[in-house]
>>> print(open('target-v2.cif').read())   # mmCIF, C-alpha atoms and all ligand atoms
data_target
loop_
_atom_site.label_atom_id
_atom_site.label_comp_id
_atom_site.auth_asym_id
_atom_site.auth_seq_id
_atom_site.Cartn_x
_atom_site.Cartn_y
_atom_site.Cartn_z
CA MET M 1 22.47 -22.11 54.68
CA LYS M 2 25.69 -24.05 55.13
CA ILE M 3 28.43 -24.12 52.52
CA GLU M 4 29.29 -27.59 51.19
CA HIS M 5 33.04 -28.06 51.53
CA THR M 6 33.34 -30.78 48.93
CA MET M 7 31.67 -31.18 45.60
CA GLN M 8 31.83 -33.38 42.49
CA THR M 9 31.10 -32.69 38.85
CA ARG M 10 30.74 -35.10 35.88
CA HIS M 11 31.88 -34.53 32.34
CA GLN M 12 31.04 -36.46 29.21
CA LEU M 13 32.52 -36.37 25.72
CA HIS M 14 30.44 -37.50 22.75
CA PHE M 15 32.20 -38.11 19.47
CA GLY M 16 29.58 -37.59 16.79
CA ASP M 17 27.56 -35.07 14.84
CA ALA M 18 25.94 -32.21 16.80
CA ARG M 19 23.28 -31.82 14.10
CA LYS M 20 21.48 -34.63 15.95
CA MET M 21 22.24 -34.71 19.68
CA LYS M 22 20.48 -38.00 20.35
CA ALA M 23 22.16 -38.54 23.73
CA ILE M 24 20.89 -35.24 25.17
CA GLY M 25 17.36 -34.87 26.47
CA ASP M 26 14.98 -31.94 25.86
CA ASN M 27 15.25 -29.06 28.38
CA SER M 28 18.28 -30.57 30.15
CA ILE M 29 21.12 -28.06 29.66
CA ASP M 30 21.74 -24.88 31.72
CA LEU M 31 24.21 -23.12 29.41
CA VAL M 32 25.74 -23.53 25.96
CA VAL M 33 29.16 -22.01 25.27
CA THR M 34 30.52 -22.73 21.84
CA SER M 35 32.29 -21.65 18.69
CA PRO M 36 31.40 -23.33 15.39
CA PRO M 37 33.71 -23.68 12.40
CA TYR M 38 33.57 -20.25 10.72
CA PRO M 39 31.96 -20.30 7.25
CA MET M 40 34.17 -18.82 4.48
CA ILE M 41 37.34 -18.98 6.59
CA GLN M 42 39.56 -21.13 4.40
CA MET M 43 40.73 -23.53 7.11
CA TRP M 44 37.15 -24.84 7.39
CA ASP M 45 36.46 -25.31 3.64
CA THR M 46 37.30 -29.04 3.76
CA LEU M 47 35.09 -29.67 6.77
CA PHE M 48 32.10 -27.85 5.24
CA SER M 49 32.64 -29.71 1.96
CA ARG M 50 32.55 -32.96 3.94
CA LEU M 51 29.32 -31.91 5.69
CA ASP M 52 27.76 -30.76 2.40
CA PRO M 53 29.66 -31.83 -0.78
CA PRO M 54 28.20 -29.13 -3.15
CA VAL M 55 30.12 -26.49 -1.08
CA ALA M 56 33.42 -27.50 -2.75
CA LYS M 57 31.96 -27.03 -6.23
CA LEU M 58 30.44 -23.64 -5.39
CA LEU M 59 33.82 -22.42 -4.13
CA THR M 60 35.70 -23.56 -7.24
CA GLN M 61 33.02 -21.91 -9.40
CA ASN M 62 33.46 -18.63 -7.48
CA HIS M 63 29.92 -18.57 -6.08
CA GLY M 64 30.99 -17.09 -2.74
CA MET M 65 27.58 -16.09 -1.36
CA ALA M 66 25.98 -19.40 -2.33
CA ALA M 67 28.81 -21.32 -0.60
CA PHE M 68 28.39 -19.07 2.48
CA GLU M 69 24.68 -19.89 2.63
CA ARG M 70 25.20 -23.66 2.25
CA MET M 71 27.86 -23.66 4.97
CA HIS M 72 25.40 -21.97 7.31
CA ALA M 73 22.69 -24.42 6.27
CA ALA M 74 25.05 -27.13 7.61
CA LEU M 75 25.22 -25.33 10.98
CA ASP M 76 21.49 -24.48 11.26
CA PRO M 77 20.36 -27.91 12.55
CA VAL M 78 22.84 -27.55 15.44
CA TRP M 79 21.18 -24.27 16.50
CA SER M 80 17.76 -25.99 16.48
CA GLU M 81 19.19 -28.77 18.64
CA VAL M 82 20.69 -26.20 21.01
CA HIS M 83 17.22 -24.70 21.43
CA ARG M 84 15.68 -28.13 22.07
CA VAL M 85 18.18 -29.20 24.75
CA LEU M 86 18.39 -25.90 26.68
CA LYS M 87 16.16 -25.47 29.72
CA PRO M 88 13.68 -22.59 29.60
CA GLY M 89 15.51 -19.45 30.75
CA ALA M 90 18.94 -20.92 29.88
CA ILE M 91 21.49 -19.03 27.80
CA ALA M 92 23.55 -19.80 24.69
CA CYS M 93 26.83 -17.95 24.02
CA ILE M 94 28.22 -18.31 20.51
CA ASN M 95 31.67 -17.04 19.61
CA ILE M 96 31.81 -16.33 15.88
CA GLY M 97 34.05 -14.27 13.62
CA ASP M 98 33.02 -12.78 10.30
CA ALA M 99 35.11 -13.64 7.24
CA VAL M 100 36.68 -11.46 4.58
CA ARG M 101 37.67 -13.21 1.39
CA LYS M 102 38.35 -12.66 -2.28
CA ILE M 103 36.41 -15.10 -4.46
CA GLY M 104 37.05 -14.57 -8.16
CA ASP M 105 37.35 -10.79 -8.55
CA ASP M 106 35.18 -9.90 -5.58
CA PHE M 107 36.55 -9.10 -2.15
CA MET M 108 33.69 -9.32 0.34
CA LEU M 109 32.66 -9.54 3.96
CA TYR M 110 30.79 -12.71 4.84
CA PRO M 111 28.79 -11.67 7.91
CA ASN M 112 28.71 -14.93 9.89
CA HIS M 113 27.51 -13.31 13.11
CA ALA M 114 24.50 -11.70 11.40
CA ARG M 115 23.55 -14.96 9.66
CA ILE M 116 23.71 -16.98 12.90
CA LEU M 117 21.91 -14.28 14.91
CA SER M 118 19.11 -14.18 12.38
CA ARG M 119 18.80 -18.00 12.47
CA MET M 120 18.74 -18.00 16.28
CA LEU M 121 15.87 -15.50 16.26
CA THR M 122 13.82 -17.65 13.86
CA THR M 123 14.58 -20.64 16.06
CA GLY M 124 12.88 -18.79 18.93
CA PHE M 125 15.73 -17.37 21.01
CA GLN M 126 15.56 -13.96 22.70
CA PRO M 127 18.65 -11.87 21.85
CA LEU M 128 20.57 -10.28 24.73
CA PRO M 129 23.29 -7.60 24.41
CA LEU M 130 26.27 -9.18 22.69
CA ILE M 131 30.03 -8.87 23.21
CA LEU M 132 32.64 -7.66 20.74
CA TRP M 133 35.88 -9.49 21.37
CA ARG M 134 38.55 -7.10 20.15
CA LYS M 135 41.31 -9.21 18.70
CA PRO M 136 43.98 -7.05 17.06
CA THR M 137 45.78 -8.65 14.13
CA ASN M 138 49.47 -8.35 13.34
CA ALA M 139 49.03 -9.91 9.93
CA PRO M 140 51.19 -8.21 7.29
CA ASN M 141 48.15 -7.92 4.98
CA LYS M 142 46.19 -6.06 7.69
CA PHE M 143 45.51 -3.07 5.41
CA MET M 144 43.76 -4.55 2.40
CA GLY M 145 42.66 -3.06 -0.89
CA SER M 146 43.83 0.05 -2.69
CA GLY M 147 46.30 1.40 -0.12
CA MET M 148 46.09 5.19 0.20
CA LEU M 149 43.73 5.63 -2.74
CA PRO M 150 39.99 5.90 -2.14
CA PRO M 151 37.53 4.27 -2.36
CA GLY M 152 38.89 0.73 -2.65
CA ALA M 153 40.71 0.29 0.70
CA TYR M 154 39.06 -1.95 3.24
CA VAL M 155 38.48 -1.57 6.95
CA THR M 156 40.52 -4.12 8.95
CA LEU M 157 38.50 -6.80 10.70
CA GLU M 158 39.87 -6.87 14.25
CA HIS M 159 37.06 -8.32 16.31
CA GLU M 160 34.90 -11.38 16.75
CA HIS M 161 31.41 -11.57 18.19
CA ILE M 162 30.06 -13.41 21.19
CA LEU M 163 26.32 -13.70 20.66
CA VAL M 164 24.28 -14.05 23.84
CA LEU M 165 20.78 -15.50 23.53
CA ARG M 166 18.20 -16.83 25.93
CA LYS M 167 15.55 -19.50 25.54
CA GLY M 168 12.44 -17.68 26.72
CA SER M 169 12.32 -15.40 29.70
CA LYS M 170 14.52 -15.14 32.80
CA ARG M 171 15.54 -18.24 34.75
CA ASP M 172 13.76 -18.88 38.02
CA PHE M 173 15.68 -19.29 41.30
CA SER M 174 12.81 -19.83 43.74
CA GLU M 175 14.08 -23.03 45.46
CA THR M 176 16.17 -22.39 48.61
CA GLU M 177 18.99 -24.64 47.41
CA ASP M 178 19.16 -22.91 44.01
CA LYS M 179 19.28 -19.51 45.69
CA GLN M 180 22.24 -20.67 47.80
CA ARG M 181 24.13 -22.09 44.76
CA ARG M 182 23.55 -18.78 43.04
CA ARG M 183 24.87 -16.70 45.97
CA GLU M 184 27.99 -18.89 46.25
CA SER M 185 28.56 -18.51 42.49
CA ALA M 186 28.68 -14.70 42.67
CA PHE M 187 31.61 -12.83 41.10
CA PHE M 188 33.27 -9.69 42.45
CA TRP M 189 31.76 -6.25 41.75
CA GLU M 190 34.97 -5.14 40.05
CA GLU M 191 34.99 -8.30 37.87
CA ARG M 192 31.46 -7.49 36.81
CA ASN M 193 32.60 -4.12 35.54
CA THR M 194 35.06 -5.79 33.15
CA TRP M 195 33.22 -8.98 32.24
CA PHE M 196 29.92 -7.27 31.44
CA SER M 197 31.49 -4.60 29.25
CA ASP M 198 30.31 -5.04 25.64
CA VAL M 199 33.89 -4.84 24.34
CA TRP M 200 36.44 -7.35 25.62
CA MET M 201 39.99 -6.09 25.24
CA GLY M 202 43.23 -7.82 26.13
CA LEU M 203 41.97 -11.37 25.70
CA ILE M 204 44.74 -12.98 23.66
CA GLY M 205 43.76 -15.65 21.11
CA ALA M 206 44.75 -19.24 21.98
CA THR M 207 47.76 -20.88 20.38
CA GLN M 208 46.59 -22.45 17.14
CA ARG M 209 49.37 -25.04 16.88
CA LEU M 210 48.26 -28.66 17.12
CA ALA M 211 50.69 -31.29 18.41
CA ASP M 212 49.30 -33.72 15.83
CA ASN M 213 48.90 -31.68 12.69
CA ASP M 214 47.73 -34.71 10.71
CA ILE M 215 44.31 -33.96 12.23
CA ARG M 216 44.20 -30.31 11.18
CA LYS M 217 46.78 -27.59 10.63
CA ARG M 218 45.27 -25.19 13.18
CA SER M 219 43.11 -25.93 16.20
CA GLY M 220 40.53 -23.11 15.97
CA ALA M 221 40.55 -23.08 19.80
CA PHE M 222 39.46 -20.06 21.82
CA PRO M 223 41.43 -18.96 24.91
CA PHE M 224 40.52 -20.54 28.27
CA GLU M 225 39.49 -17.14 29.67
CA LEU M 226 36.65 -16.82 27.16
CA PRO M 227 34.52 -19.81 28.30
CA TYR M 228 35.76 -19.28 31.88
CA ARG M 229 34.18 -15.81 32.01
CA LEU M 230 31.01 -16.80 30.15
CA ILE M 231 30.39 -19.79 32.42
CA ASN M 232 30.86 -17.62 35.52
CA MET M 233 28.62 -14.92 34.05
CA PHE M 234 25.71 -17.06 32.86
CA SER M 235 25.48 -20.18 35.04
CA VAL M 236 25.84 -21.32 38.64
CA LYS M 237 27.85 -24.09 40.32
CA GLY M 238 26.45 -27.55 39.70
CA ASP M 239 24.85 -26.50 36.38
CA LEU M 240 25.28 -28.51 33.18
CA VAL M 241 27.22 -26.78 30.38
CA LEU M 242 27.25 -28.01 26.78
CA ASP M 243 29.65 -27.28 23.92
CA PRO M 244 28.35 -28.86 20.68
CA PHE M 245 31.57 -27.92 18.81
CA LEU M 246 34.07 -29.02 21.45
CA GLY M 247 37.33 -28.95 19.43
CA LEU M 248 40.20 -29.35 21.89
CA GLY M 249 37.87 -29.19 24.90
CA THR M 250 38.45 -25.63 26.20
CA THR M 251 34.81 -25.26 27.33
CA LEU M 252 35.00 -28.51 29.28
CA LEU M 253 38.21 -27.34 30.94
CA ALA M 254 36.49 -24.13 31.99
CA ALA M 255 33.38 -26.00 33.20
CA MET M 256 35.60 -28.18 35.40
CA ALA M 257 37.50 -25.12 36.68
CA THR M 258 34.26 -23.36 37.65
CA GLY M 259 32.47 -26.30 39.33
CA ARG M 260 29.95 -26.93 36.56
CA ASN M 261 29.14 -30.29 34.93
CA GLY M 262 29.95 -30.56 31.25
CA ILE M 263 29.10 -32.27 27.97
CA GLY M 264 31.15 -31.82 24.80
CA ILE M 265 30.34 -33.00 21.29
CA GLU M 266 33.02 -33.26 18.61
CA LEU M 267 32.95 -34.71 15.11
CA GLU M 268 36.66 -35.45 15.00
CA THR M 269 37.34 -38.72 16.87
CA ASP M 270 41.09 -38.13 16.47
CA PHE M 271 40.77 -35.39 19.14
CA ARG M 272 39.85 -37.96 21.82
CA GLU M 273 43.34 -38.36 23.26
CA THR M 274 44.22 -34.67 23.05
CA VAL M 275 41.05 -33.65 24.92
CA ALA M 276 41.39 -36.35 27.59
CA GLY M 277 45.06 -35.47 28.09
CA SER M 278 44.44 -31.73 28.50
CA LEU M 279 41.74 -32.22 31.16
CA SER M 280 44.33 -33.45 33.68
CA ALA M 281 45.73 -29.89 33.71
CA VAL M 282 42.52 -28.52 35.28
CA PRO M 283 43.65 -28.48 38.97
CA SER M 284 46.76 -26.53 38.00
CA ILE M 285 44.97 -24.10 35.64
CA ALA M 286 42.16 -23.46 38.15
CA HIS M 287 44.62 -22.91 41.00
CA ARG M 288 46.36 -20.14 39.04
CA ARG M 289 43.12 -18.48 37.98
CA LEU M 290 41.59 -18.57 41.47
CA SER M 291 44.83 -17.24 43.03
CA ASP M 292 44.81 -14.37 40.53
CA ARG M 293 41.16 -13.55 41.20
CA LEU M 294 41.65 -13.42 44.96
CA ALA M 295 44.91 -11.46 44.65
CA ASP M 296 43.23 -8.98 42.27
CA HIS M 297 40.35 -8.54 44.69
CA LEU M 298 42.66 -7.93 47.66
CA GLU M 299 44.55 -5.36 45.60
CA PHE M 300 41.28 -3.66 44.67
CA VAL M 301 40.30 -3.52 48.36
CA GLN M 302 43.69 -2.12 49.31
CA GLN M 303 43.61 0.60 46.64
CA ARG M 304 40.08 1.64 47.48
CA THR M 305 40.81 1.75 51.19
CA ALA M 306 44.03 3.72 50.58
CA ALA M 307 41.98 6.24 48.58
CA GLY M 308 39.80 6.76 51.68
CA ARG M 309 36.72 5.12 50.16
CA THR M 310 34.62 2.71 52.18
CA ILE M 311 33.67 -0.86 51.38
CA LYS M 312 30.52 -1.64 53.29
CA HIS M 313 30.14 -5.41 53.19
CA ARG M 314 32.17 -8.39 54.37
CA ASN M 315 32.42 -11.74 52.63
CA ARG M 316 31.51 -14.50 55.08
CA PRO M 317 33.74 -17.42 53.96
CA TYR M 318 36.90 -15.35 53.39
CA GLY M 319 36.35 -12.47 55.78
CA PHE M 320 37.52 -9.75 53.38
CA PRO M 321 35.54 -6.64 52.39
CA VAL M 322 33.30 -6.74 49.30
CA MET M 323 31.36 -3.98 47.57
CA THR M 324 27.84 -5.44 47.62
CA ALA M 325 25.60 -7.70 49.70
CA GLN M 326 25.45 -10.06 46.69
CA GLU M 327 29.15 -10.98 47.22
CA VAL M 328 28.79 -11.92 50.89
CA GLU M 329 28.48 -15.68 50.23
CA LEU M 330 30.87 -15.84 47.25
CA VAL M 331 33.18 -18.83 47.66
CA PHE M 332 35.59 -20.59 45.28
CA HIS M 333 35.49 -24.38 44.92
CA ARG M 334 38.72 -25.64 43.47
CA PRO M 335 39.17 -28.83 41.45
CA LYS M 336 41.50 -31.18 43.33
CA THR M 337 41.51 -34.26 41.11
CA VAL M 338 40.25 -35.22 37.67
CA SER M 339 39.49 -38.95 37.40
CA GLN M 340 38.71 -40.72 34.16
CA ILE M 341 35.79 -43.04 34.89
CA GLY M 342 35.24 -44.41 31.40
CA GLU M 343 36.65 -43.90 27.90
CA ASP M 344 34.92 -40.55 27.52
CA ALA M 345 33.73 -39.75 31.04
CA PHE M 346 35.40 -37.81 33.84
CA LEU M 347 34.72 -37.00 37.48
CA VAL M 348 36.13 -33.94 39.23
CA ASP M 349 36.47 -33.65 43.02
CA TYR M 350 36.59 -30.23 44.66
CA ASP M 351 37.39 -28.65 47.98
CA ILE M 352 37.26 -24.99 48.98
CA PHE M 353 40.03 -22.69 47.85
CA GLN M 354 41.48 -21.02 50.94
CA LEU M 355 43.12 -17.60 51.07
CA GLU M 356 46.48 -19.08 52.01
CA ASP M 357 46.33 -21.34 48.90
CA CYS M 358 47.15 -18.20 46.88
CA ARG M 359 50.68 -18.38 48.25
CA ARG M 360 51.12 -22.10 47.47
CA PRO M 361 52.44 -23.27 44.10
CA PRO M 362 49.83 -24.82 41.79
CA PRO M 363 49.59 -28.62 41.86
CA PRO M 364 51.88 -30.37 39.35
CA LEU M 365 50.39 -31.58 36.09
CA THR M 366 49.35 -35.22 36.53
CA GLU M 367 47.74 -37.95 34.50
CA ASN M 368 44.01 -38.53 35.02
CA ARG M 369 43.42 -40.45 38.25
CA PRO M 370 41.45 -43.69 38.72
CA PRO M 371 37.82 -43.27 39.85
CA SER M 372 37.36 -41.32 43.08
CA THR M 373 36.15 -43.25 46.11
CA ARG M 374 35.48 -40.22 48.33
CA SER M 375 31.88 -39.56 49.28
CA GLY M 376 29.87 -37.32 51.56
CA THR M 377 30.52 -33.72 52.56
CA ARG M 378 32.07 -32.02 55.55
CA PRO M 379 29.76 -29.63 57.43
CA SER M 380 30.35 -25.91 57.26
CA GLN M 381 32.20 -24.28 60.16
CA GLY M 382 30.90 -20.76 59.81
CA LEU M 383 33.53 -18.14 59.03
CA LEU M 384 36.09 -20.41 57.44
CA PHE M 385 39.23 -18.54 56.67
CA GLU M 386 39.87 -15.73 59.13
C1 LIG D 401 36.09 -23.64 16.00
S1 LIG D 401 36.33 -25.30 16.48
C2 LIG D 401 35.97 -25.24 18.19
C3 LIG D 401 37.18 -24.98 19.01
C4 LIG D 401 36.92 -25.03 20.49
N1 LIG D 401 36.17 -23.88 20.95
C5 LIG D 401 38.23 -25.10 21.26
O1 LIG D 401 38.52 -24.21 22.07
O2 LIG D 401 39.00 -26.03 20.99
C6 LIG D 401 34.92 -26.11 15.85
C7 LIG D 401 34.92 -27.60 16.08
O3 LIG D 401 33.64 -28.13 15.72
C8 LIG D 401 33.79 -29.41 15.14
N2 LIG D 401 32.58 -29.67 14.34
C9 LIG D 401 32.22 -29.12 13.16
N3 LIG D 401 31.01 -29.54 12.77
C10 LIG D 401 30.56 -30.37 13.75
C11 LIG D 401 29.36 -31.10 13.95
N4 LIG D 401 28.37 -31.08 13.05
N5 LIG D 401 29.24 -31.83 15.07
C12 LIG D 401 30.22 -31.84 16.02
N6 LIG D 401 31.39 -31.17 15.87
C13 LIG D 401 31.56 -30.45 14.76
C14 LIG D 401 35.07 -29.28 14.33
O4 LIG D 401 35.68 -30.55 14.10
C15 LIG D 401 35.93 -28.38 15.23
O5 LIG D 401 36.78 -29.13 16.06
#
>>> encode(input="target-v2.cif", output="structure tokens")
Amino acid sequence: MKIEHTMQTRHQLHFGDARKMKAIGDNSIDLVVTSPPYPMIQMWDTLFSRLDPPVAKLLTQNHGMAAFERMHAALDPVWSEVHRVLKPGAIACINIGDAVRKIGDDFMLYPNHARILSRMLTTGFQPLPLILWRKPTNAPNKFMGSGMLPPGAYVTLEHEHILVLRKGSKRDFSETEDKQRRRESAFFWEERNTWFSDVWMGLIGATQRLADNDIRKRSGAFPFELPYRLINMFSVKGDLVLDPFLGLGTTLLAAMATGRNGIGIELETDFRETVAGSLSAVPSIAHRRLSDRLADHLEFVQQRTAAGRTIKHRNRPYGFPVMTAQEVELVFHRPKTVSQIGEDAFLVDYDIFQLEDCRRPPPPLTENRPPSTRSGTRPSQGLLFE
């Protein structure tokens, strides 16, 4: 089948409460990537108390476990909605950190990942192997408790979880067009070895500073690489990705960068301008990431060849060697322009990222463009980039 040279994706923000996703139909979403506010992490106390006022009282009365449970009860309806809107066979990835906190005299772990996992199972999801995101802390209070004296010293919490769950059994790719989208969305063999490891190292947390700290002191954002990987791992180009806790919009940025459509839901209307503003950076961010991926692959090929080891297959669009037959049709679509087509709606136009683009500087950061007028696609010309 021929490769489409151009492509468009659509992205929609909804400012509202994800506990009732009225605007989203049943069985309509291909992937959820999200990170909720973390129960029992202090920065979210005010938000949970707004969602469920008794939470504030429980915290002041030192009822830590009861507050933990009520905070989760405020998240539970979102997980039911996620199940409703996902297509059968679609996946949900939930980034969640546990909390450690002293309430009254009791220092405790509040196991957020276990509570959410258990809720997802009752909701009907199938659990898949999950990822530990190792996130070393430099905090001065890293070693907590009784110092060098047993038994009251506490293990340092230096990881978060990424839960991976599926609605029902495996997704079907029987249509010819779906098979082609899937083959073009392949990742490199050597990327698979890192991305599908159950411990992610070296992924640095995102900056937590907010330009407008009237909204909130810290953003709670995850780094771009986190949704970027998950979207590449668990969806194909042209899919529809949802983040019901959008925050600053990192998941939408990654959906745009990977050629997926996106929907984001966020309670905080004050984030509207920040999210819309950051989306214009997508062509530049994607250019850097795609350049790095191609450069890393070429280096991998060079090292393997230098070590006298063979690489049997050849990628058709780029002409370079690849390890498996599954990578033969892999091709990168790169976002060229992001156009705002309504207050909360965006259109992204793509072309194909060429090998020589790696050597070009990324496009400058621009404001969102007016609606795109381009239509139609250019036919494939066989081996494109040799
Ligand atoms: C941990 S932050 C998400 C950060 C996001 N991953 C990013 O990279 O910016 C959680 C977000 O969920 C929002 N939120 C909390 N409860 C919500 C609800 N019921 N509906 C929609 N958004 C909600 C909060 O305002 C907050 O911005």
>>> closest_atom_pairs(input="target-v2.cif", of="chain M", to="ligand LIG 401 (chain D)", cutoff="9 Å", atoms="all atoms listed in the file", output="tab-separated table")
residue	atom	partner	partner_atom	distance
M:His14	CA	D:LIG401	C12	8.8
M:Phe15	CA	D:LIG401	C12	7.4
M:Gly16	CA	D:LIG401	C12	5.8
M:Asp17	CA	D:LIG401	N5	3.7
M:Ala18	CA	D:LIG401	N5	3.7
M:Arg19	CA	D:LIG401	N4	5.2
M:Lys20	CA	D:LIG401	N4	8.3
M:Met21	CA	D:LIG401	N5	8.9
M:Val33	CA	D:LIG401	N1	8.4
M:Thr34	CA	D:LIG401	N1	5.8
M:Ser35	CA	D:LIG401	N1	5.0
M:Pro36	CA	D:LIG401	C6	4.5
M:Pro37	CA	D:LIG401	C1	4.3
M:Tyr38	CA	D:LIG401	C1	6.8
M:Trp44	CA	D:LIG401	C14	8.5
M:Leu47	CA	D:LIG401	C9	7.0
M:Phe48	CA	D:LIG401	N3	7.8
M:Leu51	CA	D:LIG401	N4	7.5
M:Ala74	CA	D:LIG401	N4	7.5
M:Leu75	CA	D:LIG401	N4	6.9
M:Pro77	CA	D:LIG401	N4	8.6
M:Val78	CA	D:LIG401	N4	7.0
M:Asn95	CA	D:LIG401	N1	8.3
M:Ile96	CA	D:LIG401	C1	8.5
M:Ala206	CA	D:LIG401	O1	8.0
M:Arg216	CA	D:LIG401	O5	9.0
M:Ser219	CA	D:LIG401	O2	6.3
M:Gly220	CA	D:LIG401	C1	4.5
M:Ala221	CA	D:LIG401	O1	3.2
M:Phe222	CA	D:LIG401	O1	4.3
M:Pro223	CA	D:LIG401	O1	6.6
M:Phe224	CA	D:LIG401	O1	7.5
M:Pro227	CA	D:LIG401	N1	8.6
M:Asp243	CA	D:LIG401	N1	7.9
M:Pro244	CA	D:LIG401	C12	5.8
M:Phe245	CA	D:LIG401	O3	3.7
M:Leu246	CA	D:LIG401	C4	5.0
M:Gly247	CA	D:LIG401	O5	3.4
M:Leu248	CA	D:LIG401	O2	3.6
M:Gly249	CA	D:LIG401	O2	5.2
M:Thr250	CA	D:LIG401	O1	4.4
M:Thr251	CA	D:LIG401	O1	6.5
M:Gly264	CA	D:LIG401	C12	8.8
M:Ile265	CA	D:LIG401	C12	5.4
M:Glu266	CA	D:LIG401	N6	3.8
M:Leu267	CA	D:LIG401	N6	3.9
M:Glu268	CA	D:LIG401	O4	5.1
M:Thr269	CA	D:LIG401	O4	8.8
M:Phe271	CA	D:LIG401	O5	8.0
M:Val275	CA	D:LIG401	O2	8.8
>>> write_last_selection(input="target-v2.cif", atoms="C-alpha atoms", output="mmCIF file, in the frame of the given file")
data_model
loop_
_atom_site.group_PDB
_atom_site.id
_atom_site.type_symbol
_atom_site.label_atom_id
_atom_site.label_comp_id
_atom_site.auth_asym_id
_atom_site.auth_seq_id
_atom_site.Cartn_x
_atom_site.Cartn_y
_atom_site.Cartn_z
ATOM 1 C CA HIS M 14 30.440 -37.500 22.750
ATOM 2 C CA PHE M 15 32.200 -38.110 19.470
ATOM 3 C CA GLY M 16 29.580 -37.590 16.790
ATOM 4 C CA ASP M 17 27.560 -35.070 14.840
ATOM 5 C CA ALA M 18 25.940 -32.210 16.800
ATOM 6 C CA ARG M 19 23.280 -31.820 14.100
ATOM 7 C CA LYS M 20 21.480 -34.630 15.950
ATOM 8 C CA MET M 21 22.240 -34.710 19.680
ATOM 9 C CA VAL M 33 29.160 -22.010 25.270
ATOM 10 C CA THR M 34 30.520 -22.730 21.840
ATOM 11 C CA SER M 35 32.290 -21.650 18.690
ATOM 12 C CA PRO M 36 31.400 -23.330 15.390
ATOM 13 C CA PRO M 37 33.710 -23.680 12.400
ATOM 14 C CA TYR M 38 33.570 -20.250 10.720
ATOM 15 C CA TRP M 44 37.150 -24.840 7.390
ATOM 16 C CA LEU M 47 35.090 -29.670 6.770
ATOM 17 C CA PHE M 48 32.100 -27.850 5.240
ATOM 18 C CA LEU M 51 29.320 -31.910 5.690
ATOM 19 C CA ALA M 74 25.050 -27.130 7.610
ATOM 20 C CA LEU M 75 25.220 -25.330 10.980
ATOM 21 C CA PRO M 77 20.360 -27.910 12.550
ATOM 22 C CA VAL M 78 22.840 -27.550 15.440
ATOM 23 C CA ASN M 95 31.670 -17.040 19.610
ATOM 24 C CA ILE M 96 31.810 -16.330 15.880
ATOM 25 C CA ALA M 206 44.750 -19.240 21.980
ATOM 26 C CA ARG M 216 44.200 -30.310 11.180
ATOM 27 C CA SER M 219 43.110 -25.930 16.200
ATOM 28 C CA GLY M 220 40.530 -23.110 15.970
ATOM 29 C CA ALA M 221 40.550 -23.080 19.800
ATOM 30 C CA PHE M 222 39.460 -20.060 21.820
ATOM 31 C CA PRO M 223 41.430 -18.960 24.910
ATOM 32 C CA PHE M 224 40.520 -20.540 28.270
ATOM 33 C CA PRO M 227 34.520 -19.810 28.300
ATOM 34 C CA ASP M 243 29.650 -27.280 23.920
ATOM 35 C CA PRO M 244 28.350 -28.860 20.680
ATOM 36 C CA PHE M 245 31.570 -27.920 18.810
ATOM 37 C CA LEU M 246 34.070 -29.020 21.450
ATOM 38 C CA GLY M 247 37.330 -28.950 19.430
ATOM 39 C CA LEU M 248 40.200 -29.350 21.890
ATOM 40 C CA GLY M 249 37.870 -29.190 24.900
ATOM 41 C CA THR M 250 38.450 -25.630 26.200
ATOM 42 C CA THR M 251 34.810 -25.260 27.330
ATOM 43 C CA GLY M 264 31.150 -31.820 24.800
ATOM 44 C CA ILE M 265 30.340 -33.000 21.290
ATOM 45 C CA GLU M 266 33.020 -33.260 18.610
ATOM 46 C CA LEU M 267 32.950 -34.710 15.110
ATOM 47 C CA GLU M 268 36.660 -35.450 15.000
ATOM 48 C CA THR M 269 37.340 -38.720 16.870
ATOM 49 C CA PHE M 271 40.770 -35.390 19.140
ATOM 50 C CA VAL M 275 41.050 -33.650 24.920
#
>>> residues_around(input="target-v2.cif", residues="M:Ser185", least_positions_apart="6", cutoff="10 Å", atoms="all atoms listed in the file", output="list in words")
Lys179, Asn232, Met233, Ser235, Val236, Lys237, Gly238, Thr258, Gly259, Gln326, Glu327, Glu329, Leu330, Val331, Phe332 and His333 of chain M
>>> closest_residue(input="target-v2.cif", among="M:Val348, M:Asn27, M:Asp239, M:Leu121", to="M:Asp178", atoms="all atoms listed in the file")
M:Asp239
>>> residues_around(input="target-v2.cif", residues="M:His72", least_positions_apart="4", cutoff="12 Å", atoms="only C-alpha atoms", output="list in words")
Pro36, Pro37, Tyr38, Pro39, Met40, Phe48, Ser49, Leu51, Asp52, Val55, Met65, Ala66, Ala67, Phe68, Asp76, Pro77, Val78, Trp79, Tyr110, Pro111, Asn112, His113, Ala114, Arg115, Ile116, Leu117, Ser118, Arg119 and Met120 of chain M
>>> atom_distance(input="target-v2.cif", atom1="atom CA of M:Val322", atom2="atom CA of M:Asn193")
14.0 Å
>>> atom_distance(input="target-v2.cif", atom1="atom CA of M:Lys336", atom2="atom CA of M:Ile204")
27.0 Å
>>> atom_distance(input="target-v2.cif", atom1="atom CA of M:Thr9", atom2="atom CA of M:Thr194")
27.8 Å
>>> residues_around(input="target-v2.cif", residues="M:Arg166", least_positions_apart="6", cutoff="8 Å", atoms="only C-alpha atoms", output="VMD selection string")
chain M and resid 89 to 92 125 to 128
>>> residues_around(input="target-v2.cif", residues="stretch 292-297 of chain M", least_positions_apart="6", cutoff="9 Å", atoms="all atoms listed in the file", output="list in words")
Phe188, Glu190, Glu191, Val322, Leu355 and Cys358 of chain M
